[in-house]
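Printed here is upload35.tsv (TSV, C-alpha atoms):
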chain	number	residue	atom	x	y	z
V	12	MET	CA	29.17	3.16	29.63
V	13	LEU	CA	26.64	0.90	31.24
V	14	GLY	CA	24.29	-0.82	28.82
V	15	LEU	CA	26.09	0.39	25.69
V	16	GLN	CA	27.86	-1.77	23.15
V	17	ASN	CA	30.74	-0.95	20.87
V	18	HIS	CA	31.37	-3.33	17.97
V	19	GLY	CA	34.51	-1.77	16.51
V	20	SER	CA	38.14	-2.67	16.80
V	21	GLU	CA	40.57	-0.41	18.63
V	22	TRP	CA	42.03	1.15	15.47
V	23	TYR	CA	38.51	2.28	14.45
V	24	ILE	CA	38.03	3.88	17.83
V	25	ASN	CA	41.43	5.61	17.70
V	26	LEU	CA	40.70	6.87	14.19
V	27	TYR	CA	37.29	8.03	15.39
V	28	LYS	CA	38.85	10.04	18.22
V	29	LYS	CA	41.33	11.71	15.84
V	30	ARG	CA	38.87	12.39	13.04
V	31	ILE	CA	37.97	15.72	11.56
V	32	MET	CA	34.25	16.01	12.13
V	33	ILE	CA	31.59	18.58	12.78
V	34	ASN	CA	31.28	18.73	16.55
V	35	ILE	CA	27.70	17.55	16.99
V	36	LEU	CA	27.81	14.76	14.38
V	37	PRO	CA	29.24	11.41	15.41
V	38	ASN	CA	30.47	10.56	11.88
V	39	TRP	CA	29.97	11.38	8.18
V	40	HIS	CA	27.14	8.89	7.55
V	41	PRO	CA	24.26	11.34	8.26
V	42	ILE	CA	25.69	13.86	5.79
V	43	LEU	CA	26.53	11.40	3.02
V	44	VAL	CA	23.25	9.48	3.26
V	45	HIS	CA	21.20	12.63	2.68
V	46	PHE	CA	23.19	13.50	-0.46
V	47	THR	CA	22.71	9.95	-1.70
V	48	ILE	CA	18.96	10.03	-1.08
V	49	ALA	CA	18.66	13.43	-2.78
V	50	LEU	CA	20.55	12.24	-5.88
V	51	TYR	CA	18.47	9.07	-6.24
V	52	THR	CA	15.21	10.92	-5.61
V	53	THR	CA	16.11	13.55	-8.22
V	54	SER	CA	16.97	10.82	-10.71
V	55	PHE	CA	13.68	9.05	-10.01
V	56	LEU	CA	11.58	12.22	-10.38
V	57	LEU	CA	13.31	13.24	-13.62
V	58	TYR	CA	12.77	9.75	-14.99
V	59	CYS	CA	9.07	10.10	-14.09
V	60	PHE	CA	8.90	13.31	-16.13
V	61	VAL	CA	10.52	11.56	-19.08
V	62	LEU	CA	7.95	8.78	-18.99
V	63	ILE	CA	5.01	11.16	-18.57
V	64	TYR	CA	6.20	13.65	-21.23
V	65	PRO	CA	8.24	11.59	-23.72
V	66	GLU	CA	7.90	14.02	-26.63
V	67	LYS	CA	8.73	17.35	-24.97
V	68	SER	CA	11.78	19.34	-26.02
V	69	TRP	CA	13.28	18.99	-22.54
V	70	THR	CA	12.85	15.21	-22.37
V	71	ARG	CA	16.38	14.40	-23.56
V	72	PRO	CA	18.13	16.80	-21.13
V	73	CYS	CA	15.93	15.47	-18.29
V	74	LEU	CA	16.85	11.90	-19.16
V	75	THR	CA	20.55	12.76	-19.27
V	76	THR	CA	20.28	14.57	-15.93
V	77	ALA	CA	18.39	11.59	-14.46
V	78	TYR	CA	21.24	9.29	-15.48
V	79	VAL	CA	23.92	11.66	-14.15
V	80	ASN	CA	22.13	11.84	-10.80
V	81	LEU	CA	21.83	8.05	-10.79
V	82	TRP	CA	25.57	7.66	-11.44
V	83	LEU	CA	26.51	10.26	-8.84
V	84	GLY	CA	24.18	8.50	-6.42
V	85	GLY	CA	26.06	5.28	-7.11
V	86	ILE	CA	29.37	6.97	-6.29
V	87	PHE	CA	27.96	8.57	-3.13
V	88	THR	CA	26.52	5.19	-2.15
V	89	ILE	CA	30.04	3.77	-1.94
V	90	LEU	CA	31.01	6.53	0.50
V	91	THR	CA	27.70	6.22	2.37
V	92	VAL	CA	28.08	2.47	2.85
V	93	ILE	CA	31.67	2.90	4.09
V	94	ALA	CA	30.53	5.61	6.50
V	95	GLY	CA	27.60	3.42	7.56
V	96	PHE	CA	29.90	0.52	8.42
V	97	TYR	CA	32.12	2.94	10.31
V	98	ALA	CA	29.10	4.28	12.21
V	99	PHE	CA	27.86	0.76	12.95
V	100	SER	CA	31.29	-0.19	14.32
V	101	THR	CA	31.99	2.90	16.42
V	102	ILE	CA	28.77	4.41	17.74
V	103	ASP	CA	27.80	3.62	21.29
V	104	HIS	CA	24.22	2.49	21.35
V	105	PRO	CA	21.76	0.93	23.76
V	106	LYS	CA	21.43	-2.85	23.53
V	107	VAL	CA	17.81	-2.47	22.45
V	108	ALA	CA	18.97	-0.60	19.32
V	109	HIS	CA	21.43	-3.23	18.13
V	110	GLU	CA	18.91	-5.41	16.28
V	111	PRO	CA	17.27	-2.41	14.51
V	112	MET	CA	20.80	-1.26	13.54
V	113	GLN	CA	21.46	-4.66	11.95
V	114	ILE	CA	18.13	-4.57	10.12
V	115	HIS	CA	18.86	-1.05	8.81
V	116	ARG	CA	22.33	-2.16	7.69
V	117	ASN	CA	20.92	-5.21	5.86
V	118	TRP	CA	18.23	-3.16	4.10
V	119	ALA	CA	20.84	-0.56	3.16
V	120	LEU	CA	23.18	-3.14	1.63
V	121	VAL	CA	20.46	-4.77	-0.48
V	122	ASN	CA	19.31	-1.31	-1.51
V	123	ALA	CA	22.86	-0.25	-2.43
V	124	PHE	CA	23.29	-3.26	-4.73
V	125	ILE	CA	19.96	-2.58	-6.46
V	126	TRP	CA	20.90	1.07	-7.10
V	127	TRP	CA	24.40	0.07	-8.25
V	128	GLY	CA	22.77	-2.41	-10.64
V	129	LEU	CA	20.51	0.29	-12.05
V	130	ALA	CA	23.44	2.73	-12.38
V	131	LEU	CA	25.51	0.06	-14.14
V	132	TRP	CA	22.62	-0.83	-16.45
V	133	ALA	CA	22.19	2.85	-17.36
V	134	ALA	CA	25.94	3.32	-17.84
V	135	ILE	CA	26.53	0.25	-20.03
V	136	LYS	CA	23.40	0.47	-22.13
V	137	ARG	CA	20.82	3.13	-21.56
V	138	PRO	CA	17.36	1.58	-21.64
V	139	GLU	CA	15.71	2.13	-25.01
V	140	LYS	CA	12.13	3.37	-25.13
V	141	ASN	CA	10.68	-0.14	-24.99
V	142	LEU	CA	12.78	-1.02	-21.90
V	143	ARG	CA	12.16	2.25	-20.05
V	144	ILE	CA	9.04	0.83	-18.39
V	145	VAL	CA	11.03	-2.19	-17.11
V	146	PHE	CA	13.81	0.13	-15.91
V	147	PHE	CA	11.19	2.37	-14.29
V	148	PHE	CA	9.67	-0.64	-12.51
V	149	PHE	CA	13.06	-1.38	-10.95
V	150	LEU	CA	13.41	2.31	-10.08
V	151	ILE	CA	10.08	2.14	-8.23
V	152	VAL	CA	11.25	-0.94	-6.31
V	153	ALA	CA	14.57	0.76	-5.50
V	154	MET	CA	12.85	3.99	-4.46
V	155	SER	CA	10.44	2.08	-2.23
V	156	MET	CA	13.30	0.24	-0.59
V	157	LEU	CA	15.24	3.49	-0.19
V	158	THR	CA	12.23	5.01	1.59
V	159	ILE	CA	11.93	2.03	3.94
V	160	THR	CA	15.68	2.04	4.62
V	161	GLY	CA	15.56	5.77	5.35
V	162	LEU	CA	12.64	5.29	7.73
V	163	LYS	CA	14.59	2.55	9.52
V	164	GLY	CA	17.57	4.90	9.82
V	165	GLY	CA	15.33	7.68	11.11
V	166	GLU	CA	13.88	5.28	13.64
V	167	LEU	CA	17.40	4.59	14.94
V	168	VAL	CA	17.90	8.29	15.54
V	169	TYR	CA	14.48	9.35	16.77
V	170	ARG	CA	13.30	6.24	18.62
V	171	TYR	CA	16.58	4.89	19.97
V	172	GLY	CA	18.75	8.03	20.04
V	173	VAL	CA	21.55	6.37	18.06
V	174	GLY	CA	24.14	8.96	17.04
V	175	VAL	CA	22.52	11.73	19.05
V	176	LYS	CA	24.65	13.77	21.41
V	177	THR	CA	22.70	14.94	24.39
V	178	ILE	CA	23.30	18.23	26.19
V	179	ASP	CA	25.30	16.56	28.96
V	180	LYS	CA	27.57	14.82	26.42
V	181	ILE	CA	28.49	18.00	24.53
V	182	GLY	CA	29.20	20.03	27.66
V	183	ILE	CA	26.50	22.68	27.53
V	184	ASP	CA	25.25	24.06	30.82
V	185	ASP	CA	21.49	23.67	30.54
V	186	ASN	CA	20.65	25.01	33.99
V	187	HIS	CA	19.56	28.42	32.68
V	188	HIS	CA	16.19	28.23	31.04
V	189	HIS	CA	14.83	31.79	30.88
V	190	HIS	CA	11.54	31.61	29.02
V	191	LYS	CA	8.19	30.17	29.99
V	192	HIS	CA	6.28	27.51	28.13
V	193	ASN	CA	2.57	28.12	27.80
V	194	THR	CA	1.20	24.61	28.16
V	195	HIS	CA	-2.45	25.62	28.56
V	196	SER	CA	-3.40	27.63	25.53
V	197	ASN	CA	-6.88	29.06	24.97
V	198	HIS	CA	-6.60	29.08	21.19
Could the structure of this file be written out as structure tokens, please?
Amino acid sequence: MLGLQNHGSEWYINLYKKRIMINILPNWHPILVHFTIALYTTSFLLYCFVLIYPEKSWTRPCLTTAYVNLWLGGIFTILTVIAGFYAFSTIDHPKVAHEPMQIHRNWALVNAFIWWGLALWAAIKRPEKNLRIVFFFFLIVAMSMLTITGLKGGELVYRYGVGVKTIDKIGIDDNHHHHKHNTHSNH
């Protein structure tokens, strides 16, 4: 394809062609990344509740659930990073998108290590009450970075069309358009 780059080795491409995948998705990264984000966001929000309401009867279960979501997020991050490298190596993309792809990858890797560090900290020694504020500070940093990384990933899709299959690429006949668009509304 003219103007497109592919940075994977042949065995990646062969594996990609033989993969089991939902037809319109180019790989598993978009699915896994959303689970990862949801787990980390849930952990963050539950931790917020624990800090705001430290003496409620549901504080302990919320804290436990926050940690479980953090740990599951850490596990999903492993799969998400692997799928992200696979996507980076196999997806055709315009040359203009290559640098933003590298930036997204770099943000994602730094972010992954921060979240893994938090998950490991919580697994080895749960932060005591006096360290919860310090832990929460790092959660805020991690959540901020996760948001930025997600926005950079969204930009790849919505600005550059990376990973998007167009109508002509999925074989749909789009010559029959039977409804009218009202472009001049009097509302």
**Q.** Near-Asn122 of chain V list (7 Å; all atoms listed in the file; drop same-chain fewer than 6 positions) as a PyMOL selection string
**A.** chain V and resi 153+156-157
How would the residues just picked look written out with C-alpha atoms as a short mmCIF file (atom, residue, chain, number, x, y, z; two decimals), in the frame of the given file?
data_model
loop_
_atom_site.label_atom_id
_atom_site.label_comp_id
_atom_site.auth_asym_id
_atom_site.auth_seq_id
_atom_site.Cartn_x
_atom_site.Cartn_y
_atom_site.Cartn_z
CA ALA V 153 14.57 0.76 -5.50
CA MET V 156 13.30 0.24 -0.59
CA LEU V 157 15.24 3.49 -0.19
#
Q. Which distance in Å separates atom CA of Gly174 of chain V and atom CA of Gly85 of chain V, to one decimal?
A.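 It comes out at 24.5 Å.
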Q. Do you have the atom CA of Leu57 of chain V-atom CA of Trp132 of chain V distance handy?
A. 17.1 Å
Q | Residue nearest Phe124 of chain V among V:Val44, V:Cys73, V:Ser155, V:Ile89 (counting only C-alpha atoms) | A |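 Nearest candidate to Phe124 of chain V out of V:Val44, V:Cys73, V:Ser155, V:Ile89: V:Ile89.
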(Q) Around (17.8, 11.3, -14.4), as given in the file, which residues come within 7 Å? Count all atoms listed in the file and list them as number ranges by chain. (A) V: 53-55, 57-58, 73-81
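The nearest approach to Asn117 of chain V among the residues V:Lys136, V:Arg143, V:His104, V:Lys163, with all atoms listed in the file taken into account, belongs to V:Lys163.
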Q | Exercise: segment 94-98 of chain V partners within 7 Å, only C-alpha atoms, chain neighbours under 4 positions left out, as a ChimeraX atom specification | A | /V:38-40,90,102
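For the residues V:Met112, V:Val168, V:Val152, V:Val173, ranking by smallest atom-to-atom distance to Leu129 of chain V using all atoms listed in the file places V:Val152 first.
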Q: Would you mind telling me which residue in V:Ala119, V:His45, V:Leu62, V:Leu50 lies nearest to Glu139 of chain V when using only C-alpha atoms?
A: V:Leu62
